[in-house]
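**Student:** Below is the file upload.cif, which contains mmCIF, C-alpha atoms.
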```cif
data_final
loop_
_atom_site.label_atom_id
_atom_site.label_comp_id
_atom_site.auth_asym_id
_atom_site.auth_seq_id
_atom_site.Cartn_x
_atom_site.Cartn_y
_atom_site.Cartn_z
CA MET A 4 243.67 70.42 22.96
CA PHE A 5 242.18 70.96 26.34
CA LYS A 6 244.19 71.90 29.38
CA LEU A 7 242.19 70.36 32.19
CA ILE A 8 242.67 72.05 35.51
CA LEU A 9 240.84 70.53 38.44
CA THR A 10 239.56 73.32 40.62
CA SER A 11 237.40 73.41 43.68
CA LEU A 12 233.83 73.61 42.47
CA SER A 13 231.06 75.30 44.39
CA LEU A 14 227.35 74.73 44.10
CA VAL A 15 225.99 77.97 42.73
CA CYS A 16 222.57 78.72 41.38
CA VAL A 17 222.24 82.31 40.22
CA SER A 18 218.83 83.47 39.11
CA THR A 19 220.26 86.07 36.72
CA VAL A 20 221.94 83.31 34.70
CA PHE A 21 218.55 81.77 34.10
CA SER A 22 217.04 85.03 32.94
CA GLN A 23 219.90 85.64 30.49
CA SER A 24 220.35 82.10 29.21
CA GLY A 25 217.50 82.11 26.73
CA PHE A 26 216.10 78.77 27.94
CA SER A 27 212.52 79.09 29.06
CA SER A 28 212.07 75.68 30.64
CA ALA A 29 215.56 74.69 31.83
CA VAL A 30 217.33 75.57 35.07
CA PRO A 31 220.97 76.72 35.00
CA TYR A 32 223.33 73.82 35.45
CA THR A 33 225.56 73.77 38.53
CA TYR A 34 228.26 71.22 39.25
CA GLY A 35 226.93 68.28 41.20
CA GLU A 36 223.75 67.79 39.17
CA PRO A 37 222.96 64.24 37.89
CA PHE A 38 225.12 64.24 34.77
CA ALA A 39 228.40 65.44 36.32
CA ASN A 40 230.45 62.55 37.60
CA ARG A 41 233.26 61.90 35.15
CA ALA A 42 236.05 64.27 34.20
CA TYR A 43 237.21 63.96 30.60
CA LYS A 44 240.86 63.69 29.67
CA GLU A 45 241.89 63.86 26.05
CA LYS A 46 245.15 62.30 24.95
CA ALA A 47 247.02 64.89 22.94
CA ASP A 48 248.30 63.86 19.52
CA ASN A 49 250.77 66.47 18.36
CA ALA A 50 251.21 64.65 15.04
CA VAL A 51 247.69 65.63 13.94
CA GLU A 52 246.61 69.17 13.07
CA GLY A 53 243.37 70.48 14.52
CA ASN A 54 241.17 68.73 17.05
CA PRO A 55 238.22 66.31 17.03
CA MET A 56 235.66 68.86 18.24
CA LEU A 57 232.66 69.58 16.04
CA PHE A 58 232.58 73.27 16.95
CA ASP A 59 235.54 75.65 16.99
CA ASP A 60 233.92 77.47 19.90
CA TRP A 61 231.99 75.90 22.76
CA LYS A 62 228.24 76.47 22.45
CA ARG A 63 225.36 77.20 24.78
CA GLY A 64 222.92 74.36 25.07
CA GLU A 65 220.14 72.58 26.87
CA VAL A 66 220.35 69.06 28.26
CA VAL A 67 217.30 66.84 28.79
CA LEU A 68 217.73 63.84 31.09
CA LYS A 69 215.85 60.58 30.71
CA ASN A 70 213.70 61.55 33.70
CA GLY A 71 212.61 64.73 31.91
CA GLU A 72 214.72 67.21 33.90
CA LYS A 73 216.20 70.04 31.84
CA TYR A 74 219.37 72.03 32.41
CA SER A 75 220.95 74.93 30.55
CA VAL A 76 224.71 74.64 30.06
CA ASP A 77 226.97 77.45 28.90
CA LYS A 78 229.68 75.40 27.17
CA ILE A 79 228.95 72.20 25.21
CA ASN A 80 230.84 70.54 22.38
CA LEU A 81 230.89 67.23 20.56
CA ASN A 82 233.98 65.10 20.19
CA ALA A 83 233.12 63.85 16.70
CA ASP A 84 235.92 61.29 16.78
CA LEU A 85 234.77 59.49 19.94
CA HIS A 86 231.09 60.50 19.52
CA LYS A 87 230.95 61.98 23.02
CA PHE A 88 229.25 65.17 24.11
CA LEU A 89 231.36 67.19 26.53
CA TYR A 90 230.78 70.25 28.66
CA SER A 91 233.17 72.64 30.32
CA GLN A 92 232.75 74.17 33.74
CA HIS A 93 235.24 75.93 35.96
CA ASP A 94 238.14 75.09 33.63
CA THR A 95 237.37 71.37 33.76
CA VAL A 96 235.93 69.32 30.90
CA PHE A 97 233.40 66.58 31.67
CA GLU A 98 231.66 63.98 29.57
CA PHE A 99 227.94 63.34 29.85
CA VAL A 100 226.86 60.02 31.25
CA ASP A 101 224.16 57.72 29.92
CA ASN A 102 221.19 59.40 31.62
CA VAL A 103 221.02 62.08 28.91
CA LYS A 104 218.44 61.61 26.14
CA GLN A 105 218.59 64.93 24.24
CA ILE A 106 221.01 67.80 23.77
CA THR A 107 220.07 71.03 22.05
CA ILE A 108 222.83 73.30 20.77
CA TYR A 109 222.23 77.02 20.25
CA ASN A 110 224.64 77.74 17.44
CA ASN A 111 225.23 81.47 17.91
CA GLY A 112 222.63 82.61 15.42
CA SER A 113 219.14 83.95 15.00
CA SER A 114 216.39 81.42 15.55
CA ASP A 115 215.23 82.28 12.02
CA ASN A 116 218.46 81.02 10.49
CA PHE A 117 218.88 77.42 9.44
CA ASN A 118 221.09 75.42 11.78
CA SER A 119 220.93 78.02 14.57
CA VAL A 120 219.30 75.36 16.76
CA MET A 121 220.62 71.80 16.53
CA VAL A 122 218.86 68.91 18.29
CA PHE A 123 220.78 65.72 19.02
CA LYS A 124 219.33 62.43 20.28
CA ASN A 125 220.53 58.90 20.69
CA ASN A 126 218.47 55.77 20.04
CA VAL A 127 217.53 57.21 16.63
CA ASP A 128 219.96 55.41 14.33
CA PRO A 129 219.03 51.70 14.36
CA GLU A 130 222.69 50.84 13.72
CA SER A 131 224.21 52.88 16.55
CA ASP A 132 223.60 54.35 20.00
CA ASN A 133 225.57 57.49 19.13
CA PHE A 134 223.91 60.88 19.31
CA VAL A 135 222.80 62.09 15.88
CA GLU A 136 221.37 65.42 14.76
CA LEU A 137 217.66 65.32 14.03
CA LEU A 138 216.83 67.39 10.94
CA ASP A 139 213.14 66.48 10.69
CA THR A 140 210.83 63.94 12.28
CA GLY A 141 207.61 62.28 11.25
CA LYS A 142 206.68 59.52 8.84
CA ILE A 143 210.10 60.27 7.37
CA THR A 144 212.80 61.15 9.88
CA ILE A 145 215.92 62.79 8.52
CA PHE A 146 219.04 62.68 10.67
CA GLN A 147 222.70 63.51 10.25
CA THR A 148 225.83 61.89 11.63
CA TYR A 149 229.21 63.53 12.23
CA GLU A 150 232.58 61.82 11.94
CA LYS A 151 235.89 63.63 12.45
CA LYS A 152 238.97 61.45 12.06
CA PRO A 153 242.65 62.05 11.35
CA GLU A 154 243.43 61.71 7.64
CA GLY A 155 246.54 61.93 5.50
CA GLU A 156 250.15 61.66 6.59
CA ASN A 157 252.92 63.96 7.67
CA TYR A 158 255.30 64.19 4.75
CA SER A 159 257.84 66.60 3.35
CA ASN A 160 260.38 66.27 0.55
CA GLY A 161 261.61 69.83 0.78
CA ILE A 162 259.14 71.04 -1.83
CA VAL A 163 255.83 69.40 -0.98
CA ASN A 164 254.56 69.47 2.58
CA ASN A 165 251.60 67.37 3.71
CA SER A 166 250.10 67.23 7.18
CA ARG A 167 247.96 64.69 8.96
CA LYS A 168 244.84 66.53 10.11
CA TYR A 169 241.32 66.04 11.42
CA VAL A 170 238.71 66.01 8.65
CA LEU A 171 234.97 66.26 9.29
CA HIS A 172 232.49 64.12 7.33
CA THR A 173 228.71 64.32 7.55
CA THR A 174 226.21 61.74 6.33
CA GLN A 175 222.46 62.25 6.01
CA TYR A 176 219.95 59.44 6.45
CA ALA A 177 216.23 58.92 5.90
CA LEU A 178 214.66 56.74 8.57
CA ILE A 179 211.48 54.95 7.50
CA ASN A 180 209.97 51.97 9.32
CA LYS A 181 213.12 51.64 11.46
CA VAL A 182 215.37 51.36 8.40
CA ALA A 183 218.00 54.09 7.88
CA THR A 184 219.16 54.77 4.32
CA PRO A 185 221.92 57.25 3.33
CA ILE A 186 220.54 60.01 1.13
CA LYS A 187 221.58 63.03 -0.89
CA PHE A 188 219.66 66.28 -0.98
CA ASN A 189 218.27 66.33 -4.53
CA SER A 190 215.00 66.02 -6.44
CA SER A 191 215.45 62.33 -7.19
CA THR A 192 215.75 61.45 -3.51
CA LEU A 193 212.81 63.66 -2.61
CA ASN A 194 210.64 62.04 -5.30
CA ASP A 195 211.47 58.57 -4.01
CA LEU A 196 210.73 59.47 -0.39
CA THR A 197 207.48 61.30 -1.05
CA ALA A 198 206.08 59.28 -3.97
CA ASP A 199 202.70 58.73 -2.28
CA LYS A 200 202.17 62.50 -2.02
CA LYS A 201 204.05 63.48 -5.16
CA LYS A 202 201.57 66.04 -6.55
CA GLN A 203 201.09 67.87 -3.25
CA VAL A 204 204.82 68.05 -2.64
CA GLU A 205 205.55 69.26 -6.18
CA ASP A 206 202.93 71.99 -5.82
CA PHE A 207 204.43 73.03 -2.48
CA ILE A 208 207.90 73.25 -4.02
CA LYS A 209 206.65 75.40 -6.90
CA GLU A 210 204.58 77.69 -4.69
CA ASN A 211 207.51 78.31 -2.37
CA LYS A 212 210.17 78.37 -5.10
CA LEU A 213 212.27 75.77 -3.32
CA LYS A 214 215.56 74.45 -4.62
CA VAL A 215 215.72 70.99 -3.10
CA LYS A 216 219.44 70.55 -3.72
CA LYS A 217 219.83 73.01 -0.88
CA GLU A 218 219.51 71.38 2.52
CA PRO A 219 217.08 73.92 4.07
CA ASP A 220 214.70 73.69 1.08
CA PHE A 221 214.89 69.90 0.95
CA LEU A 222 213.98 69.76 4.64
CA LYS A 223 211.11 72.21 4.15
CA ALA A 224 209.66 69.84 1.56
CA ILE A 225 210.11 66.85 3.89
CA ASN A 226 208.51 68.77 6.73
CA TYR A 227 205.54 69.57 4.53
CA TYR A 228 205.21 65.92 3.52
CA ASN A 229 205.31 64.86 7.16
CA SER A 230 202.54 67.35 7.94
CA LEU A 231 200.38 65.76 5.25
CA SER A 232 201.07 62.28 6.61
CA SER A 233 200.54 63.06 10.28
#
```
What is this structure when it is put down as structure tokens?
**Tutor:**
Amino acid sequence: MFKLILTSLSLVCVSTVFSQSGFSSAVPYTYGEPFANRAYKEKADNAVEGNPMLFDDWKRGEVVLKNGEKYSVDKINLNADLHKFLYSQHDTVFEFVDNVKQITIYNNGSSDNFNSVMVFKNNVDPESDNFVELLDTGKITIFQTYEKKPEGENYSNGIVNNSRKYVLHTTQYALINKVATPIKFNSSTLNDLTADKKKQVEDFIKENKLKVKKEPDFLKAINYYNSLSS
């Protein structure tokens, strides 16, 4: 749980932060910019193990506002229970307001590794305004939702001990013609989604020795299909 300490915040813009941040087009965020106006306070629940955050460690990221302005932020996380992106600065946690349209998370890995860069947008899921992770876009858009809720109950009979804890669930969707359908990463789903380009996609899978039950390979096949349909 977060210990929120309100401190005096100064407006600081240090050029070396920009050069080290890894963001080529964003300026370093300093308190007082457009998306900092609401401190976040989380109500502690000591009866539940864990916390509702998506990441164990806060991540570096880039924030794009609806007016196109970009900012690099050193510490971002997602409360996957309340579906709110948060950022931490000077020992205080804030929530983003509604002028943010995209958040990119740099997940402490090489850019060559799958899931090292995670892009989140809202207004993607036709059933919700929550931010979702975009996995691929095009004629077929694949996105993923995160839900982390307390599950189970605290129980002990002297022999068996159970604890109520936060459990993370992810769901993948295919978005076609503004209709989102839950999917699984397998050959049957891929065949259904890419039926109009079946031969080309099958050849691509064989040539690249893809195993479409694996998420990265499934998405490579979808990306190839989208390139054919663009």
**Student:** So the first atom is atom CA of Asp94 of chain A and the second is atom CA of Lys73 of chain A; what is the distance between them in Å, to one decimal place?
**Tutor:**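 Here the two named atoms are 22.6 Å from each other.
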**Student:** Give as a PyMOL selection string each residue that has an atom at most 7 Å from (235.8, 64.4, 9.3) in the file, counting all atoms listed in the file.
**Tutor:** chain A and resi 150-152+169-172
**Student:** Mind checking which residues fall within 9 Å of segment 191-194 of chain A, counting all atoms listed in the file, ignoring those fewer than 5 positions away in the same chain, and posting them as a ChimeraX atom specification?
**Tutor:** /A:186,201,204-205,215,221,224-225
**Student:** Write the residues of the selection above to a file with C-alpha atoms, as a JSON list (two decimals), in the frame of the given file.
**Tutor:**
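After the write, out-v3.json holds the following:
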```
[["chain", "number", "residue", "atom", "x", "y", "z"],
["A", 186, "ILE", "CA", 220.54, 60.01, 1.13],
["A", 201, "LYS", "CA", 204.05, 63.48, -5.16],
["A", 204, "VAL", "CA", 204.82, 68.05, -2.64],
["A", 205, "GLU", "CA", 205.55, 69.26, -6.18],
["A", 215, "VAL", "CA", 215.72, 70.99, -3.10],
["A", 221, "PHE", "CA", 214.89, 69.90, 0.95],
["A", 224, "ALA", "CA", 209.66, 69.84, 1.56],
["A", 225, "ILE", "CA", 210.11, 66.85, 3.89]]
```
**Student:** Name all residues at most 12 Å from Asp220 of chain A (count only C-alpha atoms; drop same-chain ones fewer than 4 positions away) and give them as a list in words.
**Tutor:**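 Those residues are Phe117, Leu138, Phe188, Asn189, Ser190, Leu193, Val204, Phe207, Ile208, Lys209, Asn211, Lys212, Leu213, Lys214, Val215, Lys216, Ala224, Ile225, Asn226 and Tyr227 of chain A.
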**Student:** Please report the interatomic distance between atom CA of Lys87 of chain A and atom CA of Met121 of chain A in Å with one decimal.
**Tutor:**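 Atom-to-atom, atom CA of Lys87 of chain A and atom CA of Met121 of chain A are spaced 15.7 Å apart.
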**Student:** Using atom CA of Glu52 of chain A and atom CA of Ser166 of chain A as the two end points, give the distance in Å to one decimal.
**Tutor:**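 If I compute the distance from atom CA of Glu52 of chain A to atom CA of Ser166 of chain A, I get 7.1 Å.
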**Student:** Using all atoms listed in the file, what residues lie at most 7 Å away from (217.4, 63.5, 29.9) (file coordinates), given as JSON, numbers by chain?
**Tutor:** {"A": [66, 67, 68, 69, 70, 71, 72, 73, 102, 103, 104, 105]}
**Student:** Tell me which of A:Val120, A:Leu89, A:Val182, A:Ala83 sits closest to Ile108 of chain A, counting all atoms listed in the file.
**Tutor:**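 Checking each candidate against Ile108 of chain A, we get A:Val120 as the closest.
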**Student:** Select, from A:Thr95, A:Phe58, A:Ser119, A:Val100, the residue with the minimum atom-to-atom distance to Asn80 of chain A, counting only C-alpha atoms.
**Tutor:**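 Smallest separation from Asn80 of chain A among the options: A:Phe58.
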**Student:** Convert the output of the PyMOL selection byres ((chain A and resi 178) around 6) on the shown file into explicit residues, formatted as a list in words.
**Tutor:**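 Checked against the file, the PyMOL selection byres ((chain A and resi 178) around 6) matches Ile143, Thr144, Ala177, Ile179, Val182 and Ala183 of chain A.
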**Student:** I need the residue nearest Thr148 of chain A from this list: A:Lys62, A:His93, A:His86, A:Arg167. Use all atoms listed in the file for the distance.
**Tutor:**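 Distance minimum relative to Thr148 of chain A lands on A:His86.
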**Student:** From the options A:Ser75, A:Ser159, A:Pro153, A:Phe146, which residue's atoms come nearest to Thr174 of chain A, counting all atoms listed in the file?
**Tutor:**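 With all atoms listed in the file as the atom set, the closest residue is A:Phe146.
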**Student:** Restricting the calculation to all atoms listed in the file, which member of A:Val127, A:Val76, A:Leu137, A:Val122 is positioned closest to Asn180 of chain A?
**Tutor:**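 Closest to Asn180 of chain A of all the choices is A:Val127.
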**Student:** Segment 219-230 of chain A, all listed atoms, 5 Å padding on each side: what axis-aligned box centre and edge lengths in Å to one decimal come out, as JSON?
**Tutor:**
```
{"center_x": 209.8, "center_y": 69.4, "center_z": 4.4, "size_x": 24.5, "size_y": 19.1, "size_z": 17.0}
```
**Student:** Hey, which of A:Tyr228, A:Tyr158, A:Trp61, A:Tyr176 ends up closest to Gln92 of chain A? Count all atoms listed in the file.
**Tutor:**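 Smallest distance to Gln92 of chain A is found for A:Trp61.
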**Student:** What would segment 214-225 of chain A look like with all heavy atoms in place, written as a compact mmCIF listing (two decimals), keeping the file's coordinate frame?
**Tutor:**
```
# COMPACT_ATOMS: atom_id res chain seq x y z
N LYS A 214 214.51 75.13 -3.89
CA LYS A 214 215.56 74.45 -4.62
C LYS A 214 216.04 73.30 -3.74
O LYS A 214 216.83 73.49 -2.81
CB LYS A 214 216.71 75.40 -4.94
CG LYS A 214 216.28 76.55 -5.85
CD LYS A 214 217.44 77.49 -6.15
CE LYS A 214 216.99 78.62 -7.06
NZ LYS A 214 218.12 79.57 -7.36
N VAL A 215 215.55 72.11 -4.04
CA VAL A 215 215.72 70.99 -3.10
C VAL A 215 217.14 70.44 -3.05
O VAL A 215 217.42 69.56 -2.22
CB VAL A 215 214.71 69.87 -3.41
CG1 VAL A 215 213.29 70.37 -3.22
CG2 VAL A 215 214.91 69.32 -4.81
N LYS A 216 218.03 70.92 -3.88
CA LYS A 216 219.44 70.55 -3.72
C LYS A 216 220.06 71.26 -2.52
O LYS A 216 221.13 70.87 -2.06
CB LYS A 216 220.23 70.86 -4.99
CG LYS A 216 219.93 69.93 -6.16
CD LYS A 216 220.85 70.20 -7.33
CE LYS A 216 220.59 69.22 -8.48
NZ LYS A 216 221.49 69.47 -9.63
N LYS A 217 219.37 72.30 -2.07
CA LYS A 217 219.83 73.01 -0.88
C LYS A 217 219.18 72.36 0.35
O LYS A 217 217.97 72.12 0.37
CB LYS A 217 219.45 74.48 -0.95
CG LYS A 217 220.13 75.24 -2.08
CD LYS A 217 219.76 76.71 -2.06
CE LYS A 217 220.49 77.47 -3.15
NZ LYS A 217 220.13 78.93 -3.13
N GLU A 218 219.99 72.10 1.35
CA GLU A 218 219.51 71.38 2.52
C GLU A 218 218.28 72.02 3.17
O GLU A 218 217.30 71.32 3.46
CB GLU A 218 220.63 71.24 3.55
CG GLU A 218 220.22 70.49 4.80
CD GLU A 218 221.36 70.28 5.78
OE1 GLU A 218 222.52 70.52 5.40
OE2 GLU A 218 221.11 69.88 6.93
N PRO A 219 218.27 73.33 3.42
CA PRO A 219 217.08 73.92 4.07
C PRO A 219 215.80 73.71 3.26
O PRO A 219 214.75 73.42 3.83
CB PRO A 219 217.44 75.41 4.17
CG PRO A 219 218.92 75.45 4.12
CD PRO A 219 219.32 74.34 3.21
N ASP A 220 215.89 73.85 1.92
CA ASP A 220 214.70 73.69 1.08
C ASP A 220 214.26 72.24 1.01
O ASP A 220 213.05 71.93 1.01
CB ASP A 220 214.98 74.22 -0.33
CG ASP A 220 215.02 75.75 -0.36
OD1 ASP A 220 214.85 76.37 0.70
OD2 ASP A 220 215.23 76.32 -1.45
N PHE A 221 215.22 71.32 0.94
CA PHE A 221 214.89 69.90 0.95
C PHE A 221 214.13 69.56 2.23
O PHE A 221 213.11 68.87 2.20
CB PHE A 221 216.17 69.07 0.85
CG PHE A 221 215.95 67.59 0.78
CD1 PHE A 221 215.91 66.94 -0.45
CD2 PHE A 221 215.79 66.82 1.94
CE1 PHE A 221 215.71 65.56 -0.52
CE2 PHE A 221 215.59 65.46 1.87
CZ PHE A 221 215.54 64.83 0.65
N LEU A 222 214.62 70.06 3.35
CA LEU A 222 213.98 69.76 4.64
C LEU A 222 212.61 70.42 4.77
O LEU A 222 211.72 69.88 5.42
CB LEU A 222 214.90 70.18 5.78
CG LEU A 222 216.21 69.38 5.88
CD1 LEU A 222 217.10 69.95 6.97
CD2 LEU A 222 215.93 67.90 6.13
N LYS A 223 212.44 71.58 4.15
CA LYS A 223 211.11 72.21 4.15
C LYS A 223 210.11 71.32 3.42
O LYS A 223 208.96 71.18 3.86
CB LYS A 223 211.17 73.59 3.48
CG LYS A 223 211.83 74.66 4.31
CD LYS A 223 211.89 75.98 3.55
CE LYS A 223 212.61 77.05 4.36
NZ LYS A 223 212.74 78.32 3.60
N ALA A 224 210.55 70.72 2.32
CA ALA A 224 209.66 69.84 1.56
C ALA A 224 209.35 68.57 2.36
O ALA A 224 208.20 68.10 2.37
CB ALA A 224 210.31 69.47 0.22
N ILE A 225 210.34 68.02 3.05
CA ILE A 225 210.11 66.85 3.89
C ILE A 225 209.17 67.19 5.04
O ILE A 225 208.26 66.40 5.38
CB ILE A 225 211.44 66.30 4.43
CG1 ILE A 225 212.27 65.67 3.30
CG2 ILE A 225 211.21 65.29 5.55
CD1 ILE A 225 211.68 64.39 2.75
```
